[in-house]
$ cat run_12.csv   # CSV, C-alpha atoms and all ligand atoms
chain,number,residue,atom,x,y,z
A,1,MET,CA,-64.8,-16.7,22.7
A,2,SER,CA,-64.8,-16.8,26.4
A,3,GLU,CA,-61.1,-16.1,26.8
A,4,TYR,CA,-60.3,-12.6,27.0
A,5,GLN,CA,-56.7,-11.6,27.5
A,6,LYS,CA,-56.1,-8.2,28.6
A,7,GLN,CA,-52.7,-7.2,27.5
A,8,PRO,CA,-50.9,-5.0,29.9
A,9,PRO,CA,-49.4,-2.0,28.3
A,10,PRO,CA,-45.8,-2.8,27.5
A,11,TYR,CA,-43.2,-1.1,29.5
A,12,GLY,CA,-40.5,1.0,28.0
A,13,MET,CA,-42.6,2.8,25.5
A,14,HIS,CA,-40.6,5.9,26.1
A,15,ASN,CA,-37.0,5.7,27.1
A,16,PRO,CA,-35.6,8.2,29.5
A,17,PRO,CA,-33.1,10.5,27.9
A,18,PRO,CA,-29.5,9.2,28.2
A,19,SER,CA,-27.5,11.0,30.8
A,20,VAL,CA,-25.1,13.2,29.1
A,21,PRO,CA,-21.7,13.2,30.7
A,22,PRO,CA,-20.2,16.6,31.3
A,23,TYR,CA,-17.8,17.8,28.7
A,24,GLY,CA,-14.2,18.1,29.5
A,25,PRO,CA,-11.4,15.7,30.1
A,26,PRO,CA,-11.3,13.6,33.2
A,27,PRO,CA,-9.0,15.2,35.7
A,28,ASN,CA,-6.5,12.4,36.1
A,29,VAL,CA,-5.8,11.6,32.5
A,30,PRO,CA,-2.8,13.3,30.9
A,31,PRO,CA,-3.6,15.3,27.8
A,32,HIS,CA,-1.5,13.3,25.4
A,33,LEU,CA,-3.6,10.2,26.2
A,34,LEU,CA,-6.8,11.9,25.1
A,35,GLN,CA,-5.7,11.9,21.5
A,36,PRO,CA,-7.5,9.3,19.4
A,37,GLN,CA,-5.4,6.3,18.9
A,38,GLY,CA,-4.4,5.9,15.3
A,39,PRO,CA,-1.5,5.8,12.9
A,40,PRO,CA,0.7,8.9,13.0
A,41,PRO,CA,0.0,11.3,10.1
A,42,LEU,CA,2.3,10.8,7.2
A,43,SER,CA,3.8,14.0,6.3
A,44,GLN,CA,4.9,12.5,3.0
A,45,PRO,CA,4.4,9.1,1.5
A,46,ARG,CA,7.3,6.8,2.0
A,47,LEU,CA,8.1,6.5,-1.7
A,48,LEU,CA,11.0,4.2,-2.2
A,49,VAL,CA,13.3,5.8,-4.7
A,50,GLN,CA,15.6,4.2,-7.2
A,51,GLY,CA,18.1,1.9,-5.6
A,52,GLN,CA,15.9,0.6,-2.9
A,53,PHE,CA,14.3,-2.0,-5.0
A,54,GLY,CA,15.8,-5.3,-6.0
A,55,PRO,CA,15.4,-7.4,-9.1
A,56,ALA,CA,12.6,-9.4,-7.4
A,57,PRO,CA,9.2,-8.1,-6.3
A,58,SER,CA,9.5,-6.4,-3.0
A,59,SER,CA,7.2,-5.0,-0.4
A,60,SER,CA,6.6,-1.3,-0.6
A,61,ILE,CA,4.0,1.2,0.2
A,62,CYS,CA,2.1,2.5,-2.8
A,63,PRO,CA,1.8,6.3,-2.6
A,64,SER,CA,-1.5,6.2,-4.4
A,65,CYS,CA,-3.2,3.4,-2.5
A,66,ASN,CA,-1.3,4.2,0.7
A,67,ILE,CA,-1.2,0.5,1.6
A,68,PRO,CA,1.7,-1.9,1.7
A,69,VAL,CA,1.8,-3.9,-1.5
A,70,MET,CA,4.1,-6.4,-3.1
A,71,THR,CA,5.4,-4.7,-6.2
A,72,ARG,CA,4.8,-6.1,-9.7
A,73,VAL,CA,8.0,-6.1,-11.7
A,74,GLU,CA,8.4,-5.5,-15.4
A,75,HIS,CA,11.7,-5.7,-17.2
A,76,GLU,CA,12.6,-3.0,-19.6
A,77,SER,CA,15.4,-2.8,-22.0
A,78,THR,CA,17.7,0.1,-21.3
A,79,ALA,CA,20.6,1.7,-23.2
A,80,LYS,CA,22.8,-0.8,-21.4
A,81,THR,CA,20.8,-3.6,-22.9
A,82,HIS,CA,21.3,-2.3,-26.3
A,83,LEU,CA,25.0,-1.7,-25.6
A,84,PHE,CA,25.4,-5.3,-24.5
A,85,ALA,CA,23.6,-6.4,-27.6
A,86,LEU,CA,25.9,-4.3,-29.8
A,87,LEU,CA,29.0,-5.7,-28.1
A,88,LEU,CA,27.8,-9.2,-28.5
A,89,CYS,CA,26.9,-8.4,-32.1
A,90,ILE,CA,30.6,-7.5,-32.7
A,91,VAL,CA,32.0,-10.3,-30.6
A,92,PHE,CA,29.7,-13.2,-31.1
A,93,PHE,CA,26.7,-12.5,-33.2
A,94,PRO,CA,24.4,-15.5,-32.2
A,95,CYS,CA,24.3,-14.1,-28.7
A,96,VAL,CA,23.0,-10.7,-29.8
A,97,CYS,CA,19.6,-11.4,-28.3
A,98,LEU,CA,21.0,-12.6,-25.0
A,99,PRO,CA,20.8,-9.2,-23.2
A,100,TYR,CA,17.2,-8.9,-24.0
A,101,CYS,CA,16.5,-12.3,-22.4
A,102,MET,CA,18.6,-11.7,-19.3
A,103,ASP,CA,17.0,-9.8,-16.5
A,104,SER,CA,20.3,-8.6,-15.3
A,105,CYS,CA,20.9,-6.6,-18.4
A,106,GLN,CA,17.5,-4.9,-18.1
A,107,ALA,CA,16.1,-2.4,-15.8
A,108,THR,CA,13.4,-3.7,-13.4
A,109,ASN,CA,10.5,-1.4,-13.0
A,110,HIS,CA,8.3,-1.9,-10.0
A,111,TYR,CA,4.6,-1.1,-10.2
A,112,CYS,CA,1.8,-1.3,-7.8
A,113,PRO,CA,-0.3,-4.4,-8.4
A,114,ASN,CA,-3.3,-2.6,-7.1
A,115,CYS,CA,-3.5,0.6,-9.1
A,116,GLY,CA,-0.5,0.1,-11.5
A,117,ALA,CA,1.3,3.2,-10.2
A,118,TYR,CA,5.0,3.4,-11.0
A,119,LEU,CA,6.9,2.9,-7.8
A,120,GLY,CA,10.5,2.8,-8.8
A,121,THR,CA,13.2,1.2,-10.9
A,122,TYR,CA,16.0,-1.2,-10.0
A,123,ASP,CA,18.8,-0.7,-12.4
A,124,HIS,CA,22.0,-2.6,-12.3
B,1,ZN,ZN,-1.4,1.5,-5.7

$ encode --input "run_12.csv" --output "structure tokens"
Amino acid sequence: MSEYQKQPPPYGMHNPPPSVPPYGPPPNVPPHLLQPQGPPPLSQPRLLVQGQFGPAPSSSICPSCNIPVMTRVEHESTAKTHLFALLLCIVFFPCVCLPYCMDSCQATNHYCPNCGAYLGTYDH
């Protein structure tokens, strides 16, 4: 072992402390630009109330997840559905189950596909 490499001490063993900028806003920046950029705070969740949903899945903002979702719809029999069935029972009995098969005779409930929260109802 004739070779002997003397390793120089590596540089940068200790970093100089980072220069801390002085606190305070820069003088030529308006104060409203110093606010952190982000979505404006929602005072209340934009919950779509009844009447703003359609019979088909629609985009909405889930108040629980707070994200835009495409609603999941479920049809529910309402009093009108039973009323239609009753009328059809009187008029033409074989059609008595028709209102339960027709979406237009049923209320359409919209749910969040993410968390399953109830978002609203579309009634005819
Ligand atoms: Zn949700």

$ closest_residue --input "run_12.csv" --among "A:Leu119, A:Ala56, A:Val96, A:Cys62" --to "ligand ZN 1 (chain B)" --atoms "all atoms listed in the file"
A:Cys62

$ closest_residue --input "run_12.csv" --among "A:Cys95, A:Val69, A:Asn28, A:Ile61" --to "Pro113 of chain A" --atoms "all atoms listed in the file"
A:Val69

$ residues_around --input "run_12.csv" --residues "Tyr122 of chain A" --least-positions-apart "2" --cutoff "8 Å" --atoms "only C-alpha atoms" --output "PyMOL selection string"
chain A and resi 50-55+107-110+120+124

$ atom_distance --input "run_12.csv" --atom1 "atom CA of Cys105 of chain A" --atom2 "atom CA of Pro68 of chain A"
28.2 Å

$ residues_near_ligand --input "run_12.csv" --ligand "ligand ZN 1 (chain B)" --cutoff "6 Å" --atoms "all atoms listed in the file" --output "number ranges by chain"
A: 62, 64-65, 112, 114-115, 117

$ closest_residue --input "run_12.csv" --among "A:Asp123, A:Cys89, A:Ser60, A:Gln106" --to "Arg72 of chain A" --atoms "only C-alpha atoms"
A:Ser60

$ atom_distance --input "run_12.csv" --atom1 "atom CA of Glu76 of chain A" --atom2 "atom CA of Cys97 of chain A"
14.0 Å

$ closest_residue --input "run_12.csv" --among "A:Leu98, A:Pro57, A:Gly116, A:Thr121" --to "His82 of chain A" --atoms "all atoms listed in the file"
A:Leu98

$ atom_distance --input "run_12.csv" --atom1 "atom CA of Pro94 of chain A" --atom2 "atom CA of Lys80 of chain A"
18.3 Å

$ axis_aligned_box --input "run_12.csv" --around "segment 106-114 of chain A" --padding-each-side "8 Å" --output "JSON"
{"center_x": 7.1, "center_y": -3.0, "center_z": -12.6, "size_x": 36.8, "size_y": 19.8, "size_z": 27.0}

$ closest_residue --input "run_12.csv" --among "A:Val73, A:Ala79, A:Met102, A:Leu87" --to "Tyr118 of chain A" --atoms "all atoms listed in the file"
A:Val73

$ build_atoms --input "run_12.csv" --residues "segment 65-101 of chain A" --atoms "N, CA and C atoms" --output "PDB file, keeping the file's coordinate frame"
ATOM      1  N   CYS A  65      -2.246   4.158  -3.320  1.00  0.00           N
ATOM      2  CA  CYS A  65      -3.200   3.400  -2.500  1.00  0.00           C
ATOM      3  C   CYS A  65      -2.911   3.621  -1.003  1.00  0.00           C
ATOM      4  N   ASN A  66      -1.671   3.977  -0.674  1.00  0.00           N
ATOM      5  CA  ASN A  66      -1.300   4.200   0.700  1.00  0.00           C
ATOM      6  C   ASN A  66      -1.383   2.885   1.521  1.00  0.00           C
ATOM      7  N   ILE A  67      -1.181   1.783   0.864  1.00  0.00           N
ATOM      8  CA  ILE A  67      -1.200   0.500   1.600  1.00  0.00           C
ATOM      9  C   ILE A  67       0.064  -0.257   1.183  1.00  0.00           C
ATOM     10  N   PRO A  68       0.517  -1.119   2.051  1.00  0.00           N
ATOM     11  CA  PRO A  68       1.700  -1.900   1.700  1.00  0.00           C
ATOM     12  C   PRO A  68       1.311  -2.948   0.616  1.00  0.00           C
ATOM     13  N   VAL A  69       2.116  -2.976  -0.407  1.00  0.00           N
ATOM     14  CA  VAL A  69       1.800  -3.900  -1.500  1.00  0.00           C
ATOM     15  C   VAL A  69       3.124  -4.637  -1.852  1.00  0.00           C
ATOM     16  N   MET A  70       2.952  -5.716  -2.557  1.00  0.00           N
ATOM     17  CA  MET A  70       4.100  -6.400  -3.100  1.00  0.00           C
ATOM     18  C   MET A  70       4.183  -6.004  -4.573  1.00  0.00           C
ATOM     19  N   THR A  71       5.287  -5.390  -4.894  1.00  0.00           N
ATOM     20  CA  THR A  71       5.400  -4.700  -6.200  1.00  0.00           C
ATOM     21  C   THR A  71       5.348  -5.747  -7.329  1.00  0.00           C
ATOM     22  N   ARG A  72       4.832  -5.283  -8.443  1.00  0.00           N
ATOM     23  CA  ARG A  72       4.800  -6.100  -9.700  1.00  0.00           C
ATOM     24  C   ARG A  72       5.986  -5.565 -10.523  1.00  0.00           C
ATOM     25  N   VAL A  73       6.833  -6.467 -10.971  1.00  0.00           N
ATOM     26  CA  VAL A  73       8.000  -6.100 -11.700  1.00  0.00           C
ATOM     27  C   VAL A  73       7.839  -6.280 -13.188  1.00  0.00           C
ATOM     28  N   GLU A  74       8.392  -5.355 -13.926  1.00  0.00           N
ATOM     29  CA  GLU A  74       8.400  -5.500 -15.400  1.00  0.00           C
ATOM     30  C   GLU A  74       9.843  -5.128 -15.820  1.00  0.00           C
ATOM     31  N   HIS A  75      10.370  -5.934 -16.680  1.00  0.00           N
ATOM     32  CA  HIS A  75      11.700  -5.700 -17.200  1.00  0.00           C
ATOM     33  C   HIS A  75      11.673  -4.845 -18.407  1.00  0.00           C
ATOM     34  N   GLU A  76      12.572  -3.928 -18.450  1.00  0.00           N
ATOM     35  CA  GLU A  76      12.600  -3.000 -19.600  1.00  0.00           C
ATOM     36  C   GLU A  76      13.993  -2.898 -20.116  1.00  0.00           C
ATOM     37  N   SER A  77      14.065  -2.895 -21.400  1.00  0.00           N
ATOM     38  CA  SER A  77      15.400  -2.800 -22.000  1.00  0.00           C
ATOM     39  C   SER A  77      15.858  -1.329 -21.871  1.00  0.00           C
ATOM     40  N   THR A  78      17.105  -1.236 -21.515  1.00  0.00           N
ATOM     41  CA  THR A  78      17.700   0.100 -21.300  1.00  0.00           C
ATOM     42  C   THR A  78      18.802   0.273 -22.349  1.00  0.00           C
ATOM     43  N   ALA A  79      19.431   1.415 -22.265  1.00  0.00           N
ATOM     44  CA  ALA A  79      20.600   1.700 -23.200  1.00  0.00           C
ATOM     45  C   ALA A  79      21.663   0.674 -22.947  1.00  0.00           C
ATOM     46  N   LYS A  80      21.795   0.227 -21.699  1.00  0.00           N
ATOM     47  CA  LYS A  80      22.800  -0.800 -21.400  1.00  0.00           C
ATOM     48  C   LYS A  80      22.497  -2.082 -22.111  1.00  0.00           C
ATOM     49  N   THR A  81      21.203  -2.385 -22.177  1.00  0.00           N
ATOM     50  CA  THR A  81      20.800  -3.600 -22.900  1.00  0.00           C
ATOM     51  C   THR A  81      21.221  -3.559 -24.323  1.00  0.00           C
ATOM     52  N   HIS A  82      20.957  -2.411 -24.939  1.00  0.00           N
ATOM     53  CA  HIS A  82      21.300  -2.300 -26.300  1.00  0.00           C
ATOM     54  C   HIS A  82      22.833  -2.272 -26.511  1.00  0.00           C
ATOM     55  N   LEU A  83      23.517  -1.714 -25.540  1.00  0.00           N
ATOM     56  CA  LEU A  83      25.000  -1.700 -25.600  1.00  0.00           C
ATOM     57  C   LEU A  83      25.549  -3.087 -25.524  1.00  0.00           C
ATOM     58  N   PHE A  84      24.989  -3.865 -24.620  1.00  0.00           N
ATOM     59  CA  PHE A  84      25.400  -5.300 -24.500  1.00  0.00           C
ATOM     60  C   PHE A  84      25.144  -6.001 -25.813  1.00  0.00           C
ATOM     61  N   ALA A  85      23.984  -5.741 -26.378  1.00  0.00           N
ATOM     62  CA  ALA A  85      23.600  -6.400 -27.600  1.00  0.00           C
ATOM     63  C   ALA A  85      24.583  -5.998 -28.734  1.00  0.00           C
ATOM     64  N   LEU A  86      24.949  -4.740 -28.745  1.00  0.00           N
ATOM     65  CA  LEU A  86      25.900  -4.300 -29.800  1.00  0.00           C
ATOM     66  C   LEU A  86      27.239  -4.925 -29.601  1.00  0.00           C
ATOM     67  N   LEU A  87      27.683  -5.021 -28.351  1.00  0.00           N
ATOM     68  CA  LEU A  87      29.000  -5.700 -28.100  1.00  0.00           C
ATOM     69  C   LEU A  87      28.929  -7.134 -28.514  1.00  0.00           C
ATOM     70  N   LEU A  88      27.866  -7.784 -28.177  1.00  0.00           N
ATOM     71  CA  LEU A  88      27.800  -9.200 -28.500  1.00  0.00           C
ATOM     72  C   LEU A  88      27.621  -9.359 -30.030  1.00  0.00           C
ATOM     73  N   CYS A  89      27.028  -8.368 -30.678  1.00  0.00           N
ATOM     74  CA  CYS A  89      26.900  -8.400 -32.100  1.00  0.00           C
ATOM     75  C   CYS A  89      28.289  -8.393 -32.768  1.00  0.00           C
ATOM     76  N   ILE A  90      29.192  -7.643 -32.149  1.00  0.00           N
ATOM     77  CA  ILE A  90      30.600  -7.500 -32.700  1.00  0.00           C
ATOM     78  C   ILE A  90      31.339  -8.798 -32.333  1.00  0.00           C
ATOM     79  N   VAL A  91      31.198  -9.239 -31.067  1.00  0.00           N
ATOM     80  CA  VAL A  91      32.000 -10.300 -30.600  1.00  0.00           C
ATOM     81  C   VAL A  91      31.475 -11.678 -31.070  1.00  0.00           C
ATOM     82  N   PHE A  92      30.240 -11.888 -30.764  1.00  0.00           N
ATOM     83  CA  PHE A  92      29.700 -13.200 -31.100  1.00  0.00           C
ATOM     84  C   PHE A  92      28.206 -12.983 -31.459  1.00  0.00           C
ATOM     85  N   PHE A  93      27.954 -12.964 -32.736  1.00  0.00           N
ATOM     86  CA  PHE A  93      26.700 -12.500 -33.200  1.00  0.00           C
ATOM     87  C   PHE A  93      25.470 -13.364 -32.712  1.00  0.00           C
ATOM     88  N   PRO A  94      25.588 -14.696 -32.639  1.00  0.00           N
ATOM     89  CA  PRO A  94      24.400 -15.500 -32.200  1.00  0.00           C
ATOM     90  C   PRO A  94      23.915 -15.114 -30.795  1.00  0.00           C
ATOM     91  N   CYS A  95      24.728 -14.440 -30.040  1.00  0.00           N
ATOM     92  CA  CYS A  95      24.300 -14.100 -28.700  1.00  0.00           C
ATOM     93  C   CYS A  95      23.709 -12.681 -28.624  1.00  0.00           C
ATOM     94  N   VAL A  96      23.389 -12.137 -29.784  1.00  0.00           N
ATOM     95  CA  VAL A  96      23.000 -10.700 -29.800  1.00  0.00           C
ATOM     96  C   VAL A  96      21.671 -10.524 -29.048  1.00  0.00           C
ATOM     97  N   CYS A  97      20.844 -11.562 -28.997  1.00  0.00           N
ATOM     98  CA  CYS A  97      19.600 -11.400 -28.300  1.00  0.00           C
ATOM     99  C   CYS A  97      19.644 -11.742 -26.846  1.00  0.00           C
ATOM    100  N   LEU A  98      20.841 -12.131 -26.430  1.00  0.00           N
ATOM    101  CA  LEU A  98      21.000 -12.600 -25.000  1.00  0.00           C
ATOM    102  C   LEU A  98      20.650 -11.472 -24.028  1.00  0.00           C
ATOM    103  N   PRO A  99      21.143 -10.251 -24.225  1.00  0.00           N
ATOM    104  CA  PRO A  99      20.800  -9.200 -23.200  1.00  0.00           C
ATOM    105  C   PRO A  99      19.345  -8.965 -23.069  1.00  0.00           C
ATOM    106  N   TYR A 100      18.598  -9.196 -24.144  1.00  0.00           N
ATOM    107  CA  TYR A 100      17.200  -8.900 -24.000  1.00  0.00           C
ATOM    108  C   TYR A 100      16.439 -10.064 -23.301  1.00  0.00           C
ATOM    109  N   CYS A 101      17.132 -11.182 -23.148  1.00  0.00           N
ATOM    110  CA  CYS A 101      16.500 -12.300 -22.400  1.00  0.00           C
ATOM    111  C   CYS A 101      16.996 -12.334 -20.975  1.00  0.00           C
TER     112      CYS A 101
END
